[in-house]
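**Student:** So here's target27.csv (CSV, C-alpha atoms).
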chain,number,residue,atom,x,y,z
A,1374,MET,CA,8.8,23.1,4.4
A,1375,LYS,CA,7.1,22.2,7.7
A,1376,LYS,CA,3.8,23.0,6.0
A,1377,PHE,CA,4.6,20.6,3.2
A,1378,GLN,CA,5.4,17.9,5.7
A,1379,LYS,CA,2.1,18.3,7.5
A,1380,VAL,CA,0.3,18.2,4.2
A,1381,ALA,CA,2.2,15.1,3.1
A,1382,VAL,CA,1.5,13.2,6.3
A,1383,LEU,CA,-2.2,14.0,6.2
A,1384,LEU,CA,-2.4,13.1,2.5
A,1385,LEU,CA,-0.7,9.8,3.1
A,1386,ALA,CA,-3.2,8.9,5.8
A,1387,VAL,CA,-6.1,9.9,3.5
A,1388,ILE,CA,-4.8,8.0,0.5
A,1389,LEU,CA,-4.2,4.8,2.5
A,1390,VAL,CA,-7.7,4.9,3.9
A,1391,VAL,CA,-9.3,5.7,0.5
A,1392,ILE,CA,-7.4,2.8,-1.2
A,1393,ALA,CA,-8.3,0.4,1.6
A,1394,GLY,CA,-12.0,1.3,1.3
A,1395,CYS,CA,-12.0,1.1,-2.5
A,1396,SER,CA,-10.4,-2.3,-2.4
A,1397,SER,CA,-13.3,-3.7,-0.7
A,1398,GLY,CA,-17.5,-3.4,-4.9
A,1399,LYS,CA,-27.2,-4.9,-4.9
A,1400,PRO,CA,-26.3,-1.1,-4.9
A,1401,PRO,CA,-22.6,-0.4,-5.8
A,1402,LYS,CA,-21.5,0.6,-2.3
A,1403,GLU,CA,-23.1,-2.4,-0.7
A,1404,ALA,CA,-21.8,-4.7,-3.4
A,1405,LEU,CA,-18.3,-3.4,-3.0
A,1406,GLN,CA,-18.2,-4.0,0.7
A,1407,ALA,CA,-19.7,-7.5,0.4
A,1408,ALA,CA,-17.1,-8.5,-2.3
A,1409,MET,CA,-14.3,-7.2,-0.1
A,1410,THR,CA,-15.5,-9.3,2.8
A,1411,LYS,CA,-16.1,-12.4,0.8
A,1412,THR,CA,-12.7,-12.2,-0.9
A,1413,SER,CA,-10.8,-11.7,2.4
A,1414,GLN,CA,-12.5,-14.9,3.7
A,1415,ALA,CA,-11.5,-17.0,0.7
A,1416,ASP,CA,-9.4,-20.1,1.5
A,1417,SER,CA,-7.0,-19.4,-1.4
A,1418,TYR,CA,-6.5,-17.3,-4.5
A,1419,ALA,CA,-3.9,-16.2,-7.0
A,1420,VAL,CA,-3.1,-12.5,-7.7
A,1421,LYS,CA,-1.3,-10.6,-10.4
A,1422,MET,CA,-0.5,-7.0,-9.5
A,1423,SER,CA,1.3,-4.1,-11.2
A,1424,PHE,CA,2.2,-0.8,-9.6
A,1425,GLY,CA,3.8,2.2,-11.3
A,1426,LEU,CA,5.1,5.6,-10.3
A,1427,ASP,CA,3.9,8.0,-13.0
A,1428,GLU,CA,5.0,11.4,-11.6
A,1429,LEU,CA,7.3,12.5,-8.8
A,1430,GLU,CA,8.4,16.1,-8.2
A,1431,ILE,CA,9.7,17.3,-4.9
A,1432,PRO,CA,10.3,20.9,-3.8
A,1433,GLN,CA,13.8,22.2,-4.4
A,1434,ASP,CA,14.4,23.2,-0.8
A,1435,ALA,CA,13.6,19.6,0.2
A,1436,ALA,CA,16.2,18.3,-2.2
A,1437,MET,CA,18.8,20.9,-1.0
A,1438,GLN,CA,18.5,19.6,2.6
A,1439,GLY,CA,20.5,16.6,1.4
A,1440,ASP,CA,22.8,16.1,-1.5
A,1441,ALA,CA,20.9,17.7,-4.4
A,1442,ALA,CA,22.6,15.7,-7.1
A,1443,ALA,CA,22.0,12.4,-5.2
A,1444,THR,CA,18.4,13.3,-4.6
A,1445,ALA,CA,17.9,14.2,-8.3
A,1446,ALA,CA,19.5,10.9,-9.3
A,1447,ILE,CA,17.2,8.9,-7.0
A,1448,VAL,CA,14.1,10.7,-8.2
A,1449,GLY,CA,15.1,10.2,-11.8
A,1450,MET,CA,15.6,6.5,-11.2
A,1451,ILE,CA,12.4,5.7,-9.4
A,1452,LYS,CA,10.2,7.9,-11.6
A,1453,ASP,CA,8.6,5.6,-14.3
A,1454,ALA,CA,9.8,2.6,-12.3
A,1455,SER,CA,7.3,-0.4,-12.3
A,1456,ILE,CA,6.7,-3.3,-9.9
A,1457,THR,CA,4.8,-6.4,-10.9
A,1458,VAL,CA,3.9,-9.2,-8.5
A,1459,ASP,CA,2.6,-12.7,-9.1
A,1460,ALA,CA,1.3,-14.4,-5.9
A,1461,VAL,CA,-0.5,-17.4,-4.6
A,1462,HIS,CA,-2.2,-17.2,-1.2
A,1463,GLN,CA,-3.4,-20.0,1.1
A,1464,LYS,CA,-5.3,-19.2,4.3
A,1465,ASP,CA,-4.8,-22.4,6.3
A,1466,PRO,CA,-2.1,-23.3,6.9
A,1467,MET,CA,-1.1,-19.7,6.1
A,1468,ARG,CA,1.3,-19.4,3.1
A,1469,THR,CA,1.9,-16.8,0.4
A,1470,ASP,CA,4.4,-17.4,-2.5
A,1471,LEU,CA,5.2,-14.4,-4.6
A,1472,ASN,CA,7.6,-13.3,-7.3
A,1473,MET,CA,8.3,-9.6,-7.4
A,1474,GLU,CA,9.8,-7.9,-10.4
A,1475,ILE,CA,11.2,-4.4,-10.2
A,1476,VAL,CA,12.1,-2.6,-13.4
A,1477,ILE,CA,13.9,0.7,-13.4
A,1478,PRO,CA,14.0,2.1,-17.0
A,1479,GLY,CA,16.6,4.3,-18.6
A,1480,ASP,CA,19.8,4.0,-20.6
A,1481,MET,CA,21.0,1.3,-18.1
A,1482,GLU,CA,17.7,-0.4,-17.5
A,1483,MET,CA,17.8,-2.5,-14.3
A,1484,LYS,CA,15.5,-5.5,-13.7
A,1485,LEU,CA,15.3,-7.4,-10.4
A,1486,THR,CA,13.3,-10.5,-9.7
A,1487,VAL,CA,12.8,-11.4,-6.1
A,1488,PRO,CA,10.9,-14.6,-5.1
A,1489,MET,CA,9.5,-14.7,-1.6
A,1490,ILE,CA,7.7,-17.3,0.6
A,1491,LEU,CA,5.7,-16.1,3.6
A,1492,THR,CA,4.4,-18.5,6.3
A,1493,GLU,CA,2.8,-17.8,9.6
A,1494,GLU,CA,6.2,-17.5,11.3
A,1495,THR,CA,8.8,-17.2,8.6
A,1496,LEU,CA,9.7,-15.1,5.6
A,1497,TYR,CA,12.0,-16.5,2.9
A,1498,VAL,CA,13.6,-14.1,0.4
A,1499,LYS,CA,15.7,-15.3,-2.5
A,1500,VAL,CA,18.8,-13.2,-3.1
A,1501,PRO,CA,18.7,-11.9,-6.7
A,1502,GLN,CA,21.5,-11.2,-9.1
A,1503,ILE,CA,22.0,-7.4,-8.9
A,1504,PRO,CA,23.6,-5.6,-11.8
A,1505,MET,CA,26.7,-3.6,-10.8
A,1506,LEU,CA,26.7,-5.3,-7.4
A,1507,PRO,CA,28.3,-8.7,-7.7
A,1508,LEU,CA,27.6,-10.9,-4.7
A,1509,PRO,CA,29.3,-14.1,-3.7
A,1510,GLU,CA,28.1,-17.3,-5.3
A,1511,THR,CA,27.5,-18.6,-1.8
A,1512,ILE,CA,24.7,-16.1,-1.4
A,1513,THR,CA,23.3,-15.4,-4.9
A,1514,GLY,CA,20.3,-17.6,-5.6
A,1515,LYS,CA,20.0,-18.7,-2.0
A,1516,PHE,CA,17.0,-18.0,0.2
A,1517,ILE,CA,17.4,-15.9,3.3
A,1518,LYS,CA,15.3,-17.1,6.3
A,1519,ILE,CA,13.8,-14.4,8.5
A,1520,ASP,CA,12.2,-15.4,11.7
A,1521,LEU,CA,9.3,-12.9,12.0
A,1522,LYS,CA,8.8,-13.3,15.7
A,1523,GLU,CA,12.5,-12.8,16.4
A,1524,LEU,CA,12.7,-9.8,14.0
A,1525,ALA,CA,9.7,-8.2,15.8
A,1526,GLU,CA,11.4,-8.6,19.2
A,1527,GLN,CA,14.7,-7.1,17.9
A,1528,GLN,CA,12.8,-4.1,16.6
A,1529,GLY,CA,10.7,-3.7,19.8
A,1530,ALA,CA,7.5,-4.5,18.0
A,1531,ALA,CA,4.8,-7.0,18.7
A,1532,GLU,CA,4.6,-10.2,16.7
A,1533,LEU,CA,2.7,-9.7,13.5
A,1534,ASP,CA,-0.9,-10.9,14.0
A,1535,THR,CA,-2.3,-11.5,10.5
A,1536,ALA,CA,-5.9,-11.9,11.7
A,1537,ALA,CA,-5.7,-8.7,13.7
A,1538,GLN,CA,-4.3,-6.8,10.6
A,1539,GLN,CA,-7.1,-8.1,8.4
A,1540,LYS,CA,-9.7,-7.1,11.1
A,1541,LEU,CA,-8.2,-3.6,11.2
A,1542,ILE,CA,-8.2,-3.1,7.4
A,1543,LYS,CA,-11.8,-4.3,7.4
A,1544,GLU,CA,-12.8,-1.8,10.1
A,1545,LEU,CA,-11.0,1.1,8.3
A,1546,GLY,CA,-12.8,0.2,5.1
A,1547,GLU,CA,-16.2,0.2,6.8
A,1548,VAL,CA,-15.4,3.6,8.3
A,1549,LEU,CA,-14.7,5.0,4.9
A,1550,LEU,CA,-17.6,3.5,3.1
A,1551,LYS,CA,-20.0,4.7,5.8
A,1552,HIS,CA,-19.1,8.4,5.4
A,1553,PHE,CA,-18.8,8.6,1.6
A,1554,ASP,CA,-22.3,8.6,0.2
A,1555,GLU,CA,-23.2,6.5,-2.8
A,1556,LYS,CA,-24.7,9.2,-5.0
A,1557,THR,CA,-21.7,11.5,-4.8
A,1558,TYR,CA,-18.8,9.1,-5.1
A,1559,PHE,CA,-20.0,5.7,-6.5
A,1560,SER,CA,-21.1,4.7,-10.0
A,1561,GLU,CA,-21.6,1.5,-12.1
A,1562,PRO,CA,-19.8,1.9,-15.4
A,1563,LYS,CA,-20.3,-0.6,-18.2
A,1564,ALA,CA,-17.5,-3.2,-18.3
A,1565,GLU,CA,-16.5,-2.0,-21.8
A,1566,ASP,CA,-16.0,1.5,-20.5
A,1567,ALA,CA,-14.2,0.6,-17.3
A,1568,GLY,CA,-10.9,-0.4,-18.8
A,1569,LEU,CA,-11.1,-4.0,-17.6
A,1570,PRO,CA,-8.8,-6.7,-19.1
A,1571,ALA,CA,-10.2,-8.0,-22.4
A,1572,ASP,CA,-10.8,-11.5,-21.1
A,1573,MET,CA,-12.4,-10.3,-17.8
A,1574,LYS,CA,-16.1,-11.3,-17.3
A,1575,ALA,CA,-17.6,-9.2,-14.5
A,1576,ASP,CA,-21.1,-9.5,-13.0
A,1577,GLN,CA,-20.8,-5.9,-11.7
A,1578,VAL,CA,-18.4,-3.0,-12.0
A,1579,VAL,CA,-18.1,-0.4,-9.3
A,1580,ALA,CA,-16.2,2.9,-9.6
A,1581,PHE,CA,-15.3,5.4,-6.8
A,1582,GLU,CA,-14.1,8.8,-7.8
A,1583,ILE,CA,-13.0,12.1,-6.2
A,1584,ASN,CA,-13.0,14.9,-8.7
A,1585,GLU,CA,-13.0,18.7,-8.9
A,1586,SER,CA,-16.7,19.0,-8.2
A,1587,ASN,CA,-16.8,16.9,-5.0
A,1588,TYR,CA,-13.3,17.6,-3.7
A,1589,PRO,CA,-14.3,20.4,-1.2
A,1590,LYS,CA,-17.0,18.1,0.2
A,1591,THR,CA,-14.5,15.3,0.4
A,1592,VAL,CA,-12.1,17.4,2.4
A,1593,ASP,CA,-14.8,18.3,4.9
A,1594,THR,CA,-15.9,14.7,5.2
A,1595,ILE,CA,-12.3,13.4,5.7
A,1596,VAL,CA,-11.3,16.0,8.3
A,1597,ASN,CA,-14.5,16.2,10.2
A,1598,GLU,CA,-15.8,12.6,10.1
A,1599,VAL,CA,-13.4,10.0,8.6
A,1600,LEU,CA,-10.1,10.8,10.2
A,1601,PRO,CA,-11.4,11.2,13.8
A,1602,GLU,CA,-13.2,7.8,13.5
A,1603,VAL,CA,-10.1,6.2,11.9
A,1604,LEU,CA,-8.0,7.4,14.9
A,1605,ASN,CA,-10.5,6.0,17.3
A,1606,VAL,CA,-10.3,2.6,15.5
A,1607,LEU,CA,-6.5,2.7,15.8
A,1608,LEU,CA,-6.7,3.6,19.4
A,1609,ALA,CA,-9.0,0.6,20.1
A,1610,ASN,CA,-6.4,-1.7,18.5
A,1611,GLU,CA,-3.4,-1.3,20.8
A,1612,ALA,CA,-1.9,-4.7,19.8
A,1613,THR,CA,-2.0,-3.8,16.1
A,1614,LEU,CA,-0.4,-0.4,16.9
A,1615,LYS,CA,2.5,-2.1,18.6
A,1616,SER,CA,3.0,-4.5,15.7
A,1617,LEU,CA,3.2,-1.4,13.5
A,1618,GLN,CA,5.5,0.3,15.9
A,1619,LEU,CA,3.1,3.1,16.5
A,1620,GLU,CA,2.6,4.6,20.0
A,1621,LYS,CA,-0.8,5.2,21.4
A,1622,ALA,CA,0.4,8.6,22.7
A,1623,ASP,CA,1.3,9.6,19.2
A,1624,ILE,CA,-2.1,8.8,17.8
A,1625,GLU,CA,-3.7,10.7,20.7
A,1626,LYS,CA,-1.5,13.7,20.0
A,1627,PHE,CA,-2.4,13.5,16.3
A,1628,LYS,CA,-6.1,13.5,17.2
A,1629,THR,CA,-5.6,16.5,19.5
A,1630,ASP,CA,-3.6,18.4,16.8
A,1631,LEU,CA,-6.3,17.6,14.2
A,1632,GLU,CA,-9.0,19.2,16.4
A,1633,THR,CA,-6.8,22.1,17.4
A,1634,ASN,CA,-5.6,22.9,13.8
A,1635,LYS,CA,-8.7,21.9,12.0
A,1636,THR,CA,-9.4,25.3,10.4
A,1637,GLU,CA,-5.8,25.6,9.1
A,1638,ILE,CA,-5.9,22.0,7.8
A,1639,LEU,CA,-9.1,22.5,6.0
A,1640,ASP,CA,-7.8,25.7,4.4
A,1641,THR,CA,-4.6,24.1,3.4
A,1642,LEU,CA,-6.2,21.0,1.8
A,1643,LYS,CA,-8.8,23.1,-0.1
A,1644,ASN,CA,-6.5,25.8,-1.3
A,1645,ASP,CA,-3.0,24.3,-1.5
A,1646,VAL,CA,-3.8,20.8,-2.6
A,1647,LYS,CA,-5.3,19.7,-5.9
A,1648,ILE,CA,-6.4,16.2,-6.7
A,1649,ASN,CA,-6.1,15.9,-10.5
A,1650,THR,CA,-7.2,12.3,-10.5
A,1651,LEU,CA,-8.4,9.8,-7.9
A,1652,LYS,CA,-10.4,7.0,-9.3
A,1653,ALA,CA,-10.7,3.4,-8.3
A,1654,THR,CA,-12.5,0.7,-10.2
A,1655,ALA,CA,-13.5,-2.8,-9.0
A,1656,ALA,CA,-15.0,-5.7,-10.9
A,1657,ILE,CA,-17.1,-8.3,-9.1
A,1658,SER,CA,-17.5,-11.9,-10.3
A,1659,ASP,CA,-19.5,-14.6,-8.4
A,1660,GLY,CA,-19.5,-12.3,-5.4
A,1661,TYR,CA,-15.7,-12.0,-5.3
A,1662,LEU,CA,-13.4,-9.2,-6.3
A,1663,SER,CA,-12.0,-10.3,-9.6
A,1664,TYR,CA,-10.2,-7.1,-10.6
A,1665,GLN,CA,-9.4,-3.7,-9.1
A,1666,ALA,CA,-7.4,-0.7,-10.4
A,1667,ALA,CA,-6.7,2.8,-9.2
A,1668,LYS,CA,-5.0,6.0,-10.4
A,1669,LEU,CA,-4.0,8.9,-8.2
A,1670,ASN,CA,-2.4,12.2,-9.2
A,1671,ILE,CA,-2.1,15.1,-6.8
A,1672,THR,CA,-0.4,18.5,-6.7
A,1673,ALA,CA,0.5,20.4,-3.5
A,1674,SER,CA,1.8,23.9,-3.4
A,1675,ASP,CA,3.2,26.3,-0.8
A,1676,LYS,CA,2.3,29.9,-1.6
A,1677,GLU,CA,5.0,31.3,0.7
A,1678,SER,CA,7.9,29.6,-1.1
A,1679,GLY,CA,6.3,29.0,-4.4
A,1680,GLN,CA,7.4,25.4,-4.3
A,1681,ASN,CA,5.3,22.5,-5.7
A,1682,MET,CA,5.1,18.8,-5.0
A,1683,LYS,CA,3.6,16.4,-7.5
A,1684,PHE,CA,2.9,12.7,-7.0
A,1685,GLY,CA,1.2,10.2,-9.4
A,1686,ILE,CA,0.7,6.5,-9.1
A,1687,HIS,CA,-1.4,3.7,-10.6
A,1688,TYR,CA,-2.0,0.1,-9.8
A,1689,ASP,CA,-4.1,-2.8,-11.0
A,1690,VAL,CA,-4.8,-6.2,-9.5
A,1691,THR,CA,-6.4,-9.3,-11.0
A,1692,TYR,CA,-7.6,-12.2,-8.9
A,1693,SER,CA,-8.0,-15.8,-10.1
A,1694,ASP,CA,-8.4,-19.4,-8.9
A,1695,ILE,CA,-10.4,-18.3,-5.9
A,1696,GLY,CA,-11.1,-21.2,-3.6
A,1697,LYS,CA,-9.1,-23.6,-5.8
A,1698,ALA,CA,-6.2,-25.8,-4.5
A,1699,PRO,CA,-3.2,-23.5,-4.6
A,1700,LYS,CA,-0.2,-24.4,-6.8
A,1701,PHE,CA,3.1,-23.4,-5.2
A,1702,GLU,CA,6.1,-23.5,-7.5
A,1703,ASN,CA,8.7,-23.8,-4.8
A,1704,GLU,CA,9.2,-26.1,-1.8
A,1705,ILE,CA,10.0,-24.5,1.5
A,1706,PRO,CA,13.8,-24.3,1.4
A,1707,THR,CA,15.7,-26.5,3.8
A,1708,ASP,CA,19.1,-24.9,3.0
A,1709,ALA,CA,18.1,-21.3,3.6
A,1710,ILE,CA,20.7,-18.9,5.2
A,1711,THR,CA,19.7,-17.1,8.4
A,1712,LEU,CA,20.2,-13.4,8.9
A,1713,GLU,CA,22.9,-14.1,11.4
A,1714,GLU,CA,24.8,-16.3,8.9
A,1715,LEU,CA,24.4,-13.7,6.2
A,1716,THR,CA,25.8,-11.0,8.4
A,1717,ASN,CA,28.8,-13.2,9.2
A,1718,MET,CA,29.5,-13.7,5.5
A,1719,PHE,CA,29.9,-9.9,5.0
A,1720,GLN,CA,32.1,-9.3,8.1
A,1721,MET,CA,35.7,-8.7,7.4
A,1722,PRO,CA,38.2,-11.1,9.1
A,1723,THR,CA,39.6,-9.8,12.4
A,1724,GLY,CA,43.2,-9.1,12.9
A,1725,LEU,CA,43.9,-7.4,9.6
Using structure tokens, write down the structure that the file contains.
**Tutor:**
Amino acid sequence: MKKFQKVAVLLLAVILVVIAGCSSGKPPKEALQAAMTKTSQADSYAVKMSFGLDELEIPQDAAMQGDAAATAAIVGMIKDASITVDAVHQKDPMRTDLNMEIVIPGDMEMKLTVPMILTEETLYVKVPQIPMLPLPETITGKFIKIDLKELAEQQGAAELDTAAQQKLIKELGEVLLKHFDEKTYFSEPKAEDAGLPADMKADQVVAFEINESNYPKTVDTIVNEVLPEVLNVLLANEATLKSLQLEKADIEKFKTDLETNKTEILDTLKNDVKINTLKATAAISDGYLSYQAAKLNITASDKESGQNMKFGIHYDVTYSDIGKAPKFENEIPTDAITLEELTNMFQMPTGL
């Protein structure tokens, strides 16, 4: 099981970096990076995003560590679940309004819609009506006001610095693009072959793919080149580490362990992990990202136990109204409930 955990942690790091790099679309690699930079600097834009969990299988021994029935129920619920987000973003003054819809299919399909408003200092979350969990009318439909600075202090983390986070993502994307050569991983499919939305007009389409033929080279590149440099970037951003509640010592230990166990890690990734699908596609219009989509499906196996882990996800994002005056549907709520007030509402009266 420890071997599975090591593989899972390493895969998560790799996946996050790959997605960050591919979200960035001249030659395809250069065009992708330029579009990523230009989009991140836009004063405003609207986004429609969907995310889905296509496959999830966890080892039986992992399930047995807890309540097997409960674990199976949770896995069954979230498998095939989908999340859609409609958002409008404004750079200055910073504000993002979004509506998130979560759909859990099945005989008793559950659908939750959660509106949110994010400003530089505050997050407002509207309490949804939750099936099978009746909430007081004094709460349902109200916005909960979360002071981000206060929350960070309570959790012992630094205040979230949006500019620093964007800088870090940009640096990580540059690291990835630098080490993955254009000929092996990048291509320019025709718009009609790339699965773009029917009404999408793209000036250029860029695809990034890891497949069976380039996977061994990918593992070598990630372990020997990408991850060490990613860790160096993280170590150079101590303020960001603190905001993410990561300790510098932990990153340094991970770096040491990576070097010490490099042979074992390379062997595990090449022989016990299989990437069935990892493909990201980006459409570029007027120099901006107008669409991006990705699909990932992996299988990991442990030869000693014979257990398998399977994981599959997909997402797609469409950008619009780039640089146009944002249209926010809601006013900043003046009657929002604070977290402290919400806590008090759920406390039982004393003296009972």
**Student:** From the set A:His1552, A:Thr1613, A:Asp1640, A:Val1579, which residue has the shortest atom-to-atom contact distance to Val1599 of chain A, counting only C-alpha atoms?
**Tutor:**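 So, comparing all the options, the nearest one is A:His1552.
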**Student:** To one decimal in Å, tell me the separation between atom CA of Ile1517 of chain A and atom CA of Glu1714 of chain A.
**Tutor:**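 Value for the atom CA of Ile1517 of chain A-atom CA of Glu1714 of chain A distance: 9.3 Å.
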**Student:** For segment 1421-1431 of chain A, find every residue with an atom within 9 Å (counting only C-alpha atoms), except residues of its own chain fewer than 5 positions away, and show them as a PyMOL selection string.
**Tutor:** chain A and resi 1436+1448-1449+1451-1461+1670+1680-1693
**Student:** With distances taken over all atoms listed in the file, which of A:Glu1602, A:Glu1677, A:Glu1704, A:Glu1582 is nearest to Asp1645 of chain A?
**Tutor:**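 So, comparing all the options, the nearest one is A:Glu1677.
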**Student:** May I ask which of the residues A:Gly1679, A:Ile1490, A:Gln1414, A:Ala1404 is the closest one to Gly1696 of chain A, counting all atoms listed in the file?
**Tutor:**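 Among A:Gly1679, A:Ile1490, A:Gln1414, A:Ala1404, it is A:Gln1414 that comes nearest to Gly1696 of chain A.
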**Student:** Given the choices A:Glu1510, A:Glu1474, A:Glu1702, A:Asp1694, which gets closest to Ala1415 of chain A if the distance is worked out from all atoms listed in the file?
**Tutor:** A:Asp1694
**Student:** What is the distance, in Å and to one decimal place, between atom CA of Ala1564 of chain A and atom CA of Ala1653 of chain A?
**Tutor:**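 Rounded to one decimal, the two atoms are 13.8 Å apart.
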